[in-house]
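Worksheet: one structure, shown below.
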Amino acid sequence: MWEYQNPVRIVFGSGAFATAASALAGRSYALVTYPGAPFDAWVGQLADEAGRAQLIVDDVAPNPDYLLLADQCARFAKVPEVIVALGGGSVIDSAKVFAAAAGDFAKVRRHLETGDAGEPLGAIPIIAIPTTAGTGSEVTCWATVWDAEGGRKLSLAQGNLYPEVALVDPGLMMGKPRALTLATGLDALSHALESIWNVNANPVSARHAVAAAKVLLRDLPPLLGDLGNAELRSKVAEASLNAGLAFSNTKTAIAHNLSYPITLGWGVQHGIACSFTLPTVLASVTGIGGFREEALCEIFGADLETGAQDLSAFLDAVGVATRWADYGIAPDARSGIVDQAFAGERGRNFVGTKERFVEAAGRLGVMQMSSA
């Protein structure tokens, strides 16, 4: 028995942003976005078509952290009818925190740390308008929250935090630089693959994941060499959306859990941190059987060991190293990262084992526990 559920209404394609006023339907709104160009022009367009925002929050950080989120939530003295999130994954994740807090970050923090907010969390409707192709946050019900001071990553997960509408307009993604296009594209690839080697996978999520991964492996490299190609931008945007629809039902797994301390401790950008271990994970799940293995074989071919080598070559070709030493992660730190990752929730989502992961890493020559 399995089930698949996603309640987000999706509008995809060039010009989707122009439907934002219709989606707002005259409701008061707060706008969460970034400052400067091109966002200023988009904010102006939205104001012309839907009226001015009740509140604009435009100081979102790349990894939304406790301290900043608390200050931002306090600005919601008057709760809007809708929150519009116009930006990348950090913008959409921040909007979900604001929606749950409804002006009081303390109850969100209590919920994150204890599971009990002391009172019901808010559920302000969200219209998500992604401007990068990667996080899939526009179709999930959770948000990543960072506690840099405490050295940890937390996840806000509430069924009522699915956005009401996702307006996915590839035209808003034009002009993004290579580094951002690469990191977000690899984040989407990670979401797709992580949703397959996952205890929560189901046949529908797997179909979304296969569609996403095949397109990303094919179209992300040429896009990196032709950043102004509208057709490739659209294909990668749709692949990212499919990856979001896949892991919206599964959450992520071991590669993401490995990535969090690497981002916090070594400053490796999230999309890179969660993707450089993908070949190792793939090599460690050969023989898992069932629809999961069928999905992976549809992406990488019948021999998943060769597929892992091909995935390593793909990453190398786009400039992403797969050896732990290349990120400055010392041998004496690796065991702790691996042990912690497999013990955590996302690690428990993984269908494989720590022993096979470590063995595969050694076999591929990307990690040894005692020497680089």
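For the structure tokens, the naming scheme is as follows: chains receive sequential letters (A, B, ...) according to their order of presentation, residues are indexed from 1 within each chain, and ligands are indexed from 1 in presentation order.
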
Nearby residues (only C-alpha atoms) at most 12 Å from range 365-367 of chain A, same-chain spacing under 5 positions excluded, as number ranges by chain: A: 276-281, 283, 309, 312, 321-335, 338, 357-360, 372

Kindly provide the residues of range 262-311 of chain A that approach range 126-147 of chain A to within 12 Å, each paired with its closest atom pair and their distance in Å to one decimal, based on only C-alpha atoms, listed by chain and increasing number, as CSV.
residue,atom,partner,partner_atom,distance
A:Thr263,CA,A:Trp146,CA,10.6
A:Leu264,CA,A:Trp146,CA,9.0
A:His270,CA,A:Thr135,CA,10.2
A:Gly271,CA,A:Gly134,CA,8.3
A:Ile272,CA,A:Gly134,CA,11.7
A:Cys274,CA,A:Thr135,CA,11.8

Close residues, Ile10 in chain A itself excluded, 12 Å, only C-alpha atoms, min 5 positions apart in chain, as a count of residues only: 25

Pairwise distance for CA of Pro35 in chain A and CA of Val91 in chain A, rounded to one decimal in Å: 11.6 Å

Every residue of range 160-366 of chain A that DSSP places in strand (DSSP E), as a ChimeraX atom specification: /A:165-168

Give me a file of those residues, with N, CA, C and O atoms, as a PDB file, in the first residue's frame.
ATOM      1  N   VAL A 165      -0.370  28.248  -4.146  1.00  0.00           N
ATOM      2  CA  VAL A 165      -0.112  28.280  -5.577  1.00  0.00           C
ATOM      3  C   VAL A 165       1.397  28.381  -5.799  1.00  0.00           C
ATOM      4  O   VAL A 165       2.095  29.072  -5.048  1.00  0.00           O
ATOM      5  N   ALA A 166       1.904  27.703  -6.818  1.00  0.00           N
ATOM      6  CA  ALA A 166       3.286  27.858  -7.270  1.00  0.00           C
ATOM      7  C   ALA A 166       3.253  28.398  -8.692  1.00  0.00           C
ATOM      8  O   ALA A 166       2.690  27.754  -9.585  1.00  0.00           O
ATOM      9  N   LEU A 167       3.820  29.574  -8.886  1.00  0.00           N
ATOM     10  CA  LEU A 167       3.920  30.177 -10.217  1.00  0.00           C
ATOM     11  C   LEU A 167       5.370  30.010 -10.677  1.00  0.00           C
ATOM     12  O   LEU A 167       6.266  30.727 -10.224  1.00  0.00           O
ATOM     13  N   VAL A 168       5.597  29.039 -11.546  1.00  0.00           N
ATOM     14  CA  VAL A 168       6.960  28.705 -11.976  1.00  0.00           C
ATOM     15  C   VAL A 168       7.176  29.281 -13.369  1.00  0.00           C
ATOM     16  O   VAL A 168       6.693  28.729 -14.365  1.00  0.00           O
TER      17      VAL A 168
END

Nearby residues (only C-alpha atoms) at most 12 Å from range 155-158 of chain A, same-chain spacing under 3 positions excluded, as a ChimeraX atom specification: /A:64-65,93-101,107-117,120-123,137,140-147,152,161-163,248-249,251-252,257,260,345-346

Would you put the residues from that selection into a file with N, CA and C atoms, as a short mmCIF file (atom, residue, chain, number, x, y, z; two decimals), in the first residue's frame?
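Listed below is the output, result08.cif:
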data_model
loop_
_atom_site.label_atom_id
_atom_site.label_comp_id
_atom_site.auth_asym_id
_atom_site.auth_seq_id
_atom_site.Cartn_x
_atom_site.Cartn_y
_atom_site.Cartn_z
N PRO A 64 18.57 30.84 6.02
CA PRO A 64 17.80 31.57 7.04
C PRO A 64 18.09 31.07 8.45
N ASP A 65 18.51 31.97 9.31
CA ASP A 65 19.00 31.63 10.64
C ASP A 65 18.07 32.16 11.73
N ASP A 93 11.43 29.36 1.90
CA ASP A 93 11.51 28.76 3.24
C ASP A 93 11.23 29.82 4.31
N SER A 94 11.79 31.02 4.15
CA SER A 94 11.54 32.09 5.12
C SER A 94 10.05 32.43 5.16
N ALA A 95 9.41 32.47 3.99
CA ALA A 95 7.98 32.77 3.95
C ALA A 95 7.18 31.74 4.74
N LYS A 96 7.60 30.48 4.69
CA LYS A 96 6.90 29.45 5.45
C LYS A 96 7.06 29.67 6.95
N VAL A 97 8.25 30.09 7.36
CA VAL A 97 8.45 30.42 8.79
C VAL A 97 7.54 31.58 9.19
N PHE A 98 7.48 32.61 8.35
CA PHE A 98 6.62 33.77 8.66
C PHE A 98 5.15 33.34 8.72
N ALA A 99 4.76 32.45 7.81
CA ALA A 99 3.37 31.97 7.79
C ALA A 99 3.03 31.22 9.06
N ALA A 100 3.98 30.41 9.54
CA ALA A 100 3.74 29.62 10.75
C ALA A 100 3.81 30.49 12.00
N ALA A 101 4.69 31.49 11.98
CA ALA A 101 4.88 32.34 13.16
C ALA A 101 3.74 33.34 13.34
N LYS A 107 7.16 30.84 19.07
CA LYS A 107 6.40 29.59 19.04
C LYS A 107 6.93 28.65 17.95
N VAL A 108 7.46 29.21 16.85
CA VAL A 108 8.09 28.37 15.84
C VAL A 108 9.36 27.74 16.40
N ARG A 109 10.14 28.54 17.12
CA ARG A 109 11.36 28.00 17.72
C ARG A 109 11.04 26.89 18.70
N ARG A 110 10.02 27.10 19.55
CA ARG A 110 9.63 26.04 20.49
C ARG A 110 9.22 24.78 19.74
N HIS A 111 8.47 24.95 18.67
CA HIS A 111 8.05 23.80 17.88
C HIS A 111 9.25 23.07 17.28
N LEU A 112 10.21 23.82 16.74
CA LEU A 112 11.39 23.21 16.13
C LEU A 112 12.20 22.41 17.15
N GLU A 113 12.26 22.92 18.37
CA GLU A 113 13.14 22.31 19.37
C GLU A 113 12.45 21.27 20.24
N THR A 114 11.12 21.38 20.38
CA THR A 114 10.42 20.45 21.27
C THR A 114 9.29 19.70 20.60
N GLY A 115 8.86 20.17 19.42
CA GLY A 115 7.71 19.56 18.76
C GLY A 115 6.39 20.11 19.26
N ASP A 116 6.45 21.03 20.23
CA ASP A 116 5.23 21.59 20.81
C ASP A 116 5.38 23.11 20.87
N ALA A 117 4.60 23.82 20.07
CA ALA A 117 4.69 25.28 20.03
C ALA A 117 3.98 25.94 21.20
N PRO A 120 -1.34 26.57 18.55
CA PRO A 120 -1.30 26.21 17.12
C PRO A 120 -0.43 27.19 16.32
N LEU A 121 0.35 26.64 15.42
CA LEU A 121 1.12 27.48 14.52
C LEU A 121 0.20 28.11 13.50
N GLY A 122 0.63 29.23 12.93
CA GLY A 122 -0.16 29.90 11.91
C GLY A 122 -0.14 29.14 10.60
N ALA A 123 -0.95 29.59 9.68
CA ALA A 123 -1.01 28.96 8.35
C ALA A 123 -1.45 30.00 7.33
N SER A 137 11.03 24.08 -3.15
CA SER A 137 10.28 24.49 -1.96
C SER A 137 8.89 24.98 -2.31
N THR A 140 6.60 21.94 -1.55
CA THR A 140 6.75 21.14 -0.34
C THR A 140 6.14 21.86 0.85
N CYS A 141 6.00 21.15 1.96
CA CYS A 141 5.37 21.72 3.15
C CYS A 141 6.38 21.93 4.27
N TRP A 142 7.67 21.98 3.94
CA TRP A 142 8.66 22.19 5.00
C TRP A 142 9.65 23.26 4.60
N ALA A 143 10.35 23.75 5.63
CA ALA A 143 11.34 24.80 5.44
C ALA A 143 12.58 24.47 6.25
N THR A 144 13.74 24.75 5.67
CA THR A 144 15.00 24.56 6.38
C THR A 144 15.32 25.80 7.19
N VAL A 145 15.61 25.59 8.47
CA VAL A 145 15.96 26.67 9.39
C VAL A 145 17.32 26.35 10.00
N TRP A 146 18.20 27.34 10.02
CA TRP A 146 19.56 27.12 10.53
C TRP A 146 19.74 27.81 11.87
N ASP A 147 20.44 27.13 12.75
CA ASP A 147 20.86 27.71 14.03
C ASP A 147 22.38 27.70 14.02
N ARG A 152 23.59 23.73 14.08
CA ARG A 152 22.63 22.71 13.68
C ARG A 152 21.66 23.24 12.63
N LEU A 161 1.62 24.06 5.42
CA LEU A 161 2.59 25.01 4.87
C LEU A 161 2.90 24.76 3.40
N TYR A 162 2.19 23.82 2.77
CA TYR A 162 2.27 23.76 1.31
C TYR A 162 1.80 25.10 0.75
N PRO A 163 2.53 25.68 -0.19
CA PRO A 163 2.00 26.89 -0.82
C PRO A 163 0.63 26.64 -1.44
N SER A 248 8.62 15.93 -2.21
CA SER A 248 7.56 16.46 -1.36
C SER A 248 6.85 15.35 -0.60
N ASN A 249 6.94 14.13 -1.10
CA ASN A 249 6.30 12.99 -0.43
C ASN A 249 7.27 12.11 0.34
N LYS A 251 10.68 13.40 1.68
CA LYS A 251 11.79 14.13 2.28
C LYS A 251 13.10 13.63 1.65
N THR A 252 14.19 14.19 2.11
CA THR A 252 15.49 13.78 1.57
C THR A 252 16.06 12.63 2.38
N ASN A 257 21.70 14.68 4.72
CA ASN A 257 22.12 14.69 6.11
C ASN A 257 23.63 14.81 6.25
N TYR A 260 24.70 18.84 5.77
CA TYR A 260 24.44 19.94 6.69
C TYR A 260 25.66 20.34 7.52
N GLU A 345 17.31 11.82 11.26
CA GLU A 345 16.06 11.48 10.58
C GLU A 345 16.27 11.22 9.10
N ARG A 346 16.99 12.11 8.41
CA ARG A 346 17.20 11.93 6.98
C ARG A 346 18.05 10.69 6.72
#

Spatial neighbours of range 48-50 of chain A, 10 Å, only C-alpha atoms, chain gap at least 5 places, as a VMD selection string: chain A and resid 18 to 29 42 to 43

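With only C-alpha atoms as the atoms that count, the residue of A:Tyr34, A:Phe76, A:Phe39, A:Phe105 with the shortest distance to Asp59 in chain A is A:Tyr34.
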
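For the set A:Gly88, A:Gly171, A:Ala188, A:Cys73, the residue with the smallest atom-to-atom gap to Gly228 in chain A is A:Gly171, counting only C-alpha atoms.
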
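Here CA of Ala192 in chain A and CA of Lys214 in chain A stand 9.7 Å from one another.
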
Closest of A:Ala61, A:Ile196, A:Pro80, A:Ala313 to Cys297 in chain A - atom-to-atom distances counting only C-alpha atoms: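 Counting only C-alpha atoms, the residue closest to Cys297 in chain A is A:Ile196.
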